[in-house]
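Quick notes on the structure that follows.
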Amino acid sequence: MGMIGIVLGGSAVLLIWIYNSLISKKNEVKNSQGGLDASLKQRYDLIPGLVAATKEFMTHERSVLTQITELRNQALQPGLSHEKKQEINQSLSAGLGKILVSMESYPDLKSNTNMLQLQKSLHECEENIAASRRFYNTSVTNYNNALEMFPTSIFANMMGLEQRPFFEIPEAERANLSVKELFNK
C-alpha cells in the first residue's frame, strides 16, 4: 500500500505541476501581449502631435498624414484580433517611416523644437515596441513549445489550449535598407 501511495502522490504532484506550468505560460503570453498593446497605445498617443507638427510644414505628404491618422483610429477600435492589430501596425510603421524620411526635405521642420521632441519620443516608443515584440514572441515560443511537447501536450489538448501567433514583420521590412536611396528621395 505504501508504494502505491507514493506513486499516486508523485503522479498527482506531476499533474499539478504540468497544469500550473501551462497556466503560467498562457498567462505570460497574455501579460506580454498587454505590454505590447501598452507600447502600441503610446505610439498611437504620439501620432496626433506628430501629424499636427508636420502638417504646417509638409504639403506634399498630406495623403500619408491622412493615412496615418486613419490607421491610428482603426487601431484604437476595441475588439480587434491579434492578426488585425498586427496588420494595422505594419501599415502604420511603414507610414511613419515615410514621414520621418520625408522630413529630411524640410529644414525648418527638422530644426523645430516640438518636432525634435516628438521624434525623440517616437524613437523611444519604437524601441519599447521592439522590446515588447521580442518579449511577446519569447512568451509565445515558450507557450507553443509547451503545447507541442510531451507530456504537457496531452494536458494542453485536454484543456483546449491553442497555439498563439507570433508578432511578425512583413517581408518588405526585412529587406536591407539602402541608405543611398533614402538620401536620393
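Convention: chains lettered A, B, ... in C-alpha cells order; per-chain residue numbering from 1; ligands numbered from 1 as shown.
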For this session: List every residue of segment 1-184 of chain A that DSSP, applied to the backbone of this structure, assigns to alpha helix (DSSP H), and report them as a ChimeraX atom specification.
Result: /A:2-55,62-75,82-102,107-111,113-148,152-159,171-174,179-183
Problem set entry | Contact residues around segment 48-52 of chain A with only C-alpha atoms at 9 Å, ignoring same-chain residues under 4 positions, as a list of chain:residue names |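 Residues meeting the cut-off are A:Tyr44, A:Glu56, A:Leu65, A:Thr66, A:Ile68, A:Thr69, A:Arg72, A:Asn114, A:Met115, A:Leu118, A:Gln119, A:Leu122.
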Could you save the residues just selected, with C-alpha atoms, as a PDB file, in the first residue's frame?
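Done, and the output landed in out05.pdb:
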ATOM      1  CA  TYR A  44      -0.968  55.968 -31.055  1.00  0.00           C
ATOM      2  CA  GLU A  56       2.121  73.025 -41.352  1.00  0.00           C
ATOM      3  CA  LEU A  65      -0.553  62.045 -42.851  1.00  0.00           C
ATOM      4  CA  THR A  66      -4.197  61.248 -43.545  1.00  0.00           C
ATOM      5  CA  ILE A  68      -1.510  57.540 -40.548  1.00  0.00           C
ATOM      6  CA  THR A  69      -4.430  59.237 -38.814  1.00  0.00           C
ATOM      7  CA  ARG A  72      -4.391  55.162 -35.729  1.00  0.00           C
ATOM      8  CA  ASN A 114       8.494  70.446 -30.895  1.00  0.00           C
ATOM      9  CA  MET A 115       9.289  68.195 -33.839  1.00  0.00           C
ATOM     10  CA  LEU A 118       8.287  64.317 -30.935  1.00  0.00           C
ATOM     11  CA  GLN A 119      10.935  62.478 -32.956  1.00  0.00           C
ATOM     12  CA  LEU A 122       8.641  58.372 -31.175  1.00  0.00           C
TER      13      LEU A 122
END
For this session: Name all residues at most 9 Å from Lys25 of chain A (count only C-alpha atoms; drop same-chain ones fewer than 6 positions away) and give them as an MDAnalysis selection string.
Result: chainID A and resid 139:140 142:144 146
Would you write out those residues with N, CA and C atoms, as a PDB file, in the first residue's frame?
ATOM      1  N   SER A 139       7.551  34.701 -25.173  1.00  0.00           N
ATOM      2  CA  SER A 139       6.463  34.087 -24.404  1.00  0.00           C
ATOM      3  C   SER A 139       5.660  33.130 -25.272  1.00  0.00           C
ATOM      4  N   VAL A 140       5.386  33.524 -26.504  1.00  0.00           N
ATOM      5  CA  VAL A 140       4.634  32.667 -27.428  1.00  0.00           C
ATOM      6  C   VAL A 140       5.439  31.402 -27.740  1.00  0.00           C
ATOM      7  N   ASN A 142       7.677  29.881 -25.811  1.00  0.00           N
ATOM      8  CA  ASN A 142       7.619  29.002 -24.635  1.00  0.00           C
ATOM      9  C   ASN A 142       6.251  28.332 -24.511  1.00  0.00           C
ATOM     10  N   TYR A 143       5.207  29.098 -24.735  1.00  0.00           N
ATOM     11  CA  TYR A 143       3.843  28.582 -24.654  1.00  0.00           C
ATOM     12  C   TYR A 143       3.595  27.529 -25.742  1.00  0.00           C
ATOM     13  N   ASN A 144       3.916  27.874 -26.983  1.00  0.00           N
ATOM     14  CA  ASN A 144       3.695  26.934 -28.088  1.00  0.00           C
ATOM     15  C   ASN A 144       4.531  25.665 -27.921  1.00  0.00           C
ATOM     16  N   ALA A 146       5.356  24.302 -25.087  1.00  0.00           N
ATOM     17  CA  ALA A 146       4.692  23.502 -24.060  1.00  0.00           C
ATOM     18  C   ALA A 146       3.473  22.779 -24.632  1.00  0.00           C
TER      19      ALA A 146
END
Problem set entry | Option closest in space to Ile129 of chain A, from A:Thr54, A:Asn89, A:Ser21, A:Gln74 [counting only C-alpha atoms] |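 Of all the options, A:Asn89 lies closest to Ile129 of chain A.
Take the candidates A:Arg62, A:Asn73, A:Lys98, A:Phe155 and check each one against Leu14 of chain A using only C-alpha atoms; the shortest distance goes to A:Phe155.
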Exercise. Restricting the calculation to only C-alpha atoms, which member of A:Gln67, A:Ser93, A:Asn31, A:Ser81 is positioned closest to Glu126 of chain A?
Worked result: A:Ser93
Problem set entry | Selection: 9 Å around segment 100-104 of chain A, only C-alpha atoms, excl. self and same-chain fewer than 2 positions, as a PyMOL selection string | chain A and resi 54+58+61+95-98+106-107+109-110+119+182-183+185
